[in-house]
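Student: The structure under discussion is supplied below as structure tokens; questions concerning it will follow.
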There are 4 protein chains.
Amino acid sequence: MFITRIRPRVSETDGVGHINNTTIPVWFEAGRHEIFQLFMPDLSFKDWNLVIVHMSVDFVKETFYGRDVEIRTWIRRIGNSSLEIGEALYQDGEVRARGRSTYVYFSQRERRAQPIPPDIRRALAPHVQADPDG
Amino acid sequence: MFITRIRPRVSETDGVGHINNTTIPVWFEAGRHEIFQLFMPDLSFKDWNLVIVHMSVDFVKETFYGRDVEIRTWIRRIGNSSLEIGEALYQDGEVRARGRSTYVYFSQRERRAQPIPPDIRRALAPHVQADPDG
Amino acid sequence: MFITRIRPRVSETDGVGHINNTTIPVWFEAGRHEIFQLFMPDLSFKDWNLVIVHMSVDFVKETFYGRDVEIRTWIRRIGNSSLEIGEALYQDGEVRARGRSTYVYFSQRERRAQPIPPDIRRALAPHVQADPDG
Amino acid sequence: MFITRIRPRVSETDGVGHINNTTIPVWFEAGRHEIFQLFMPDLSFKDWNLVIVHMSVDFVKETFYGRDVEIRTWIRRIGNSSLEIGEALYQDGEVRARGRSTYVYFSQRERRAQPIPPDIRRALAPHVQADPDG
């Protein structure tokens, strides 16, 4: 499980007084950093080979400015050319949001999905786990 | 169906060269403006009575900087205290992303969900429709 | 003078209850769209030839969610390889923020500033004006 | 000097391939966290007493996705009711952007600027310093 610690920013809140809901996908994407690195070790955009095809978020509780949050990120399933990621946002030890995202391994040159190569598959394998919290 | 025209911004793209995936929930939220107004006619944050509990996005095709996009927003279902919204992003006449979001009508004072009042329910009704495109 | 009409988004406000200060540079950049187009008619990132070197914003009054704003953008001065832009944000007929930005015409291939070519200079000229409001 | 370490996010880049210029004010605001805390120890929005009146940024070099950045924040001057802040963005040991911002101590209740109280003034004093790098 990858752990990313984030300090909420004033600019990430909204007039209702909490973290705006559109900030959560930004944080979840930030939490996928190490996964991106497994696919593109130098994180270069010109070799970028992941395309997001789906994301969903369940908002469990409000998240507040003023206390750090923790993004937990894990791999739910490795398909032939796709990758399912699970993610959760914690603040003060409580889950605030849960997310799922699906990426496809994609060749920019051939403009289509490709099977995930064996070496990346091996690097991903230790991070596969069932969703926590039952 | 509510139509919101948006001009993509440079700051909404990313290094891969397209609109970043985290921009889409921002645009979909922008497309809910008229729905927010049906619940809070003066759009005042201190009377805000909608809480988002779920969002999902299917990314169909890349969206590009340089051409305006159109956000289409409709109501899928009105529950007792919840509201299901459907949304789609079009560019150049083609769907690029589809979204769904669920809000709960919420009393800030009582800190809990409330039945959607009859007058708001009547105002919402004409905007209920089946998902387009089959 | 270029006029860009923008509908403020919930995600652009902050917990204090107004539009967050970091949203203003985003809107001012959006207001430079037609200027970008004079430099890069097809707005393609791979031919992008403008690099920002300076920006400043004076915040005059708060800007609110719920009413559209107008961004006014003009050219203050065309230098040899640089361009000075003036900008102002209006809401309800009142100025809320004033900005200035400076760009340099830049060759990505040669990795250095270049004189602005005569044809772009001619296209920019009609948009040069003194700062309004004295 | 306050040091804030930030991991750049994909969503903070733009199509040109670097960190978008509008991200820098977001990071600089994030770097003012400890200063905000000196004014509002519990960081509560309902007691927020700082209003930004000016910001400027000089962009020295491009900032890249893939390596952490460091925001350095210091106090340049404490006025009667205003505060001048200096800030710099470093990546790979090199300055990439320099900023300045000015805040006014503001009473939300009285809707006007107030003298900065002696206790806050004392807490700020140790953080006043000349701009580094000459």
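If you're wondering about the labels, chains in the structure tokens are A, B, ... by order shown, residues count from 1 in each chain, ligands from 1 in order shown.
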I'd like the superposed chain A, fitted onto chain D by least squares over all Cα atoms in order, as a JSON list (two decimals) with C-alpha atoms, in the first residue's frame.

Tutor:
```json
[["chain", "number", "residue", "atom", "x", "y", "z"],
["A", 1, "MET", "CA", 12.41, 30.91, 7.05],
["A", 2, "PHE", "CA", 9.58, 28.45, 6.59],
["A", 3, "ILE", "CA", 10.32, 25.45, 4.37],
["A", 4, "THR", "CA", 7.49, 23.57, 2.64],
["A", 5, "ARG", "CA", 8.30, 20.49, 0.59],
["A", 6, "ILE", "CA", 5.87, 19.79, -2.25],
["A", 7, "ARG", "CA", 5.62, 16.89, -4.69],
["A", 8, "PRO", "CA", 4.43, 18.27, -8.05],
["A", 9, "ARG", "CA", 1.27, 16.65, -9.38],
["A", 10, "VAL", "CA", 0.44, 15.66, -12.96],
["A", 11, "SER", "CA", -2.62, 17.92, -12.70],
["A", 12, "GLU", "CA", -0.31, 20.88, -11.96],
["A", 13, "THR", "CA", 1.52, 20.60, -15.30],
["A", 14, "ASP", "CA", 0.26, 21.87, -18.64],
["A", 15, "GLY", "CA", 0.44, 20.89, -22.29],
["A", 16, "VAL", "CA", 3.72, 22.73, -22.80],
["A", 17, "GLY", "CA", 5.24, 20.07, -20.54],
["A", 18, "HIS", "CA", 6.15, 21.93, -17.34],
["A", 19, "ILE", "CA", 4.41, 23.09, -14.19],
["A", 20, "ASN", "CA", 1.76, 25.61, -15.28],
["A", 21, "ASN", "CA", 2.43, 29.19, -14.14],
["A", 22, "THR", "CA", -0.89, 29.37, -12.26],
["A", 23, "THR", "CA", 0.29, 26.53, -10.00],
["A", 24, "ILE", "CA", 3.06, 28.69, -8.50],
["A", 25, "PRO", "CA", 0.69, 31.05, -6.59],
["A", 26, "VAL", "CA", -1.05, 27.92, -5.24],
["A", 27, "TRP", "CA", 2.25, 26.57, -3.91],
["A", 28, "PHE", "CA", 3.28, 29.95, -2.51],
["A", 29, "GLU", "CA", -0.04, 30.16, -0.68],
["A", 30, "ALA", "CA", 0.60, 26.64, 0.67],
["A", 31, "GLY", "CA", 3.99, 27.90, 1.90],
["A", 32, "ARG", "CA", 2.28, 30.57, 4.05],
["A", 33, "HIS", "CA", 0.64, 27.90, 6.24],
["A", 34, "GLU", "CA", 2.72, 28.62, 9.36],
["A", 35, "ILE", "CA", 2.18, 32.37, 8.93],
["A", 36, "PHE", "CA", -1.58, 31.80, 8.72],
["A", 37, "GLN", "CA", -1.25, 29.77, 11.92],
["A", 38, "LEU", "CA", 0.48, 32.65, 13.72],
["A", 39, "PHE", "CA", -2.58, 34.81, 12.96],
["A", 40, "MET", "CA", -5.24, 32.13, 13.47],
["A", 41, "PRO", "CA", -3.89, 29.34, 15.70],
["A", 42, "ASP", "CA", -6.80, 26.97, 14.99],
["A", 43, "LEU", "CA", -6.92, 27.88, 11.25],
["A", 44, "SER", "CA", -10.69, 28.35, 11.44],
["A", 45, "PHE", "CA", -12.27, 30.10, 8.47],
["A", 46, "LYS", "CA", -14.87, 31.85, 10.56],
["A", 47, "ASP", "CA", -12.11, 33.75, 12.40],
["A", 48, "TRP", "CA", -10.00, 34.33, 9.28],
["A", 49, "ASN", "CA", -8.35, 37.73, 9.61],
["A", 50, "LEU", "CA", -5.95, 38.02, 6.67],
["A", 51, "VAL", "CA", -6.85, 39.48, 3.29],
["A", 52, "ILE", "CA", -4.42, 39.38, 0.39],
["A", 53, "VAL", "CA", -4.05, 42.70, -1.41],
["A", 54, "HIS", "CA", -1.11, 42.05, -3.72],
["A", 55, "MET", "CA", 0.93, 39.23, -5.19],
["A", 56, "SER", "CA", 3.70, 39.12, -7.76],
["A", 57, "VAL", "CA", 5.75, 36.32, -9.23],
["A", 58, "ASP", "CA", 8.98, 36.37, -11.25],
["A", 59, "PHE", "CA", 9.39, 33.19, -13.24],
["A", 60, "VAL", "CA", 13.12, 32.47, -13.40],
["A", 61, "LYS", "CA", 13.22, 28.97, -14.90],
["A", 62, "GLU", "CA", 10.78, 26.20, -15.74],
["A", 63, "THR", "CA", 9.72, 23.81, -12.98],
["A", 64, "PHE", "CA", 9.29, 20.14, -13.81],
["A", 65, "TYR", "CA", 7.09, 17.25, -12.80],
["A", 66, "GLY", "CA", 9.00, 14.29, -11.33],
["A", 67, "ARG", "CA", 11.18, 15.93, -8.66],
["A", 68, "ASP", "CA", 10.07, 17.50, -5.38],
["A", 69, "VAL", "CA", 10.23, 21.25, -4.95],
["A", 70, "GLU", "CA", 10.92, 23.40, -1.92],
["A", 71, "ILE", "CA", 9.01, 26.57, -1.10],
["A", 72, "ARG", "CA", 10.90, 29.03, 1.10],
["A", 73, "THR", "CA", 8.79, 31.66, 2.83],
["A", 74, "TRP", "CA", 9.85, 34.57, 4.98],
["A", 75, "ILE", "CA", 8.54, 37.89, 6.27],
["A", 76, "ARG", "CA", 9.94, 40.96, 4.56],
["A", 77, "ARG", "CA", 8.26, 43.66, 6.61],
["A", 78, "ILE", "CA", 5.60, 44.09, 9.28],
["A", 79, "GLY", "CA", 3.62, 47.28, 8.75],
["A", 80, "ASN", "CA", 0.96, 48.80, 10.98],
["A", 81, "SER", "CA", -1.84, 46.63, 9.58],
["A", 82, "SER", "CA", -0.04, 44.94, 6.70],
["A", 83, "LEU", "CA", 2.44, 42.13, 6.21],
["A", 84, "GLU", "CA", 4.88, 41.71, 3.33],
["A", 85, "ILE", "CA", 5.92, 38.15, 2.58],
["A", 86, "GLY", "CA", 8.80, 36.95, 0.42],
["A", 87, "GLU", "CA", 8.86, 33.52, -1.18],
["A", 88, "ALA", "CA", 11.00, 31.43, -3.49],
["A", 89, "LEU", "CA", 10.55, 28.12, -5.28],
["A", 90, "TYR", "CA", 13.56, 25.81, -5.55],
["A", 91, "GLN", "CA", 13.96, 22.60, -7.54],
["A", 92, "ASP", "CA", 17.25, 20.69, -7.86],
["A", 93, "GLY", "CA", 18.89, 23.40, -5.74],
["A", 94, "GLU", "CA", 18.08, 26.17, -8.22],
["A", 95, "VAL", "CA", 15.61, 29.00, -7.80],
["A", 96, "ARG", "CA", 12.74, 28.65, -10.31],
["A", 97, "ALA", "CA", 10.41, 31.43, -9.19],
["A", 98, "ARG", "CA", 10.39, 34.29, -6.69],
["A", 99, "GLY", "CA", 7.26, 35.79, -5.22],
["A", 100, "ARG", "CA", 6.01, 38.57, -3.02],
["A", 101, "SER", "CA", 2.65, 38.92, -1.39],
["A", 102, "THR", "CA", 1.05, 41.49, 0.86],
["A", 103, "TYR", "CA", -1.70, 40.77, 3.35],
["A", 104, "VAL", "CA", -3.77, 43.11, 5.47],
["A", 105, "TYR", "CA", -4.93, 42.24, 8.98],
["A", 106, "PHE", "CA", -8.66, 42.55, 8.71],
["A", 107, "SER", "CA", -11.62, 42.42, 11.03],
["A", 108, "GLN", "CA", -14.47, 40.51, 9.34],
["A", 109, "ARG", "CA", -16.89, 41.96, 11.85],
["A", 110, "GLU", "CA", -15.92, 45.59, 11.39],
["A", 111, "ARG", "CA", -15.19, 45.06, 7.69],
["A", 112, "ARG", "CA", -11.94, 47.02, 7.80],
["A", 113, "ALA", "CA", -8.19, 46.78, 8.33],
["A", 114, "GLN", "CA", -6.92, 46.77, 11.90],
["A", 115, "PRO", "CA", -3.48, 47.27, 13.46],
["A", 116, "ILE", "CA", -1.72, 43.92, 13.88],
["A", 117, "PRO", "CA", -2.00, 43.16, 17.64],
["A", 118, "PRO", "CA", 1.19, 43.17, 19.74],
["A", 119, "ASP", "CA", 1.16, 39.43, 20.48],
["A", 120, "ILE", "CA", 1.00, 38.49, 16.80],
["A", 121, "ARG", "CA", 3.64, 41.12, 16.04],
["A", 122, "ARG", "CA", 5.94, 39.48, 18.59],
["A", 123, "ALA", "CA", 5.32, 36.04, 17.12],
["A", 124, "LEU", "CA", 6.10, 37.29, 13.61],
["A", 125, "ALA", "CA", 9.27, 39.22, 14.52],
["A", 126, "PRO", "CA", 11.74, 36.27, 14.55],
["A", 127, "HIS", "CA", 10.74, 35.43, 10.97],
["A", 128, "VAL", "CA", 11.54, 38.85, 9.52],
["A", 129, "GLN", "CA", 14.61, 38.80, 7.28],
["A", 130, "ALA", "CA", 16.10, 40.44, 4.21],
["A", 131, "ASP", "CA", 15.50, 38.80, 0.85],
["A", 132, "PRO", "CA", 18.11, 36.05, 0.37],
["A", 133, "ASP", "CA", 20.34, 35.86, -2.70],
["A", 134, "GLY", "CA", 21.38, 39.49, -2.43]]
```

Student: Could you find all residues in chain C that DSSP calls strand (DSSP E or B) from the backbone, and write them as a PyMOL selection string?

Tutor: chain C and resi 2-6+13+19+50-59+69-78+82-91+94-107+112-113+128

Student: Give the alpha helix (DSSP H) residues of segment 32-77 of chain D, as DSSP finds them on the backbone, and put them as a ChimeraX atom specification.

Tutor: /D:33-39
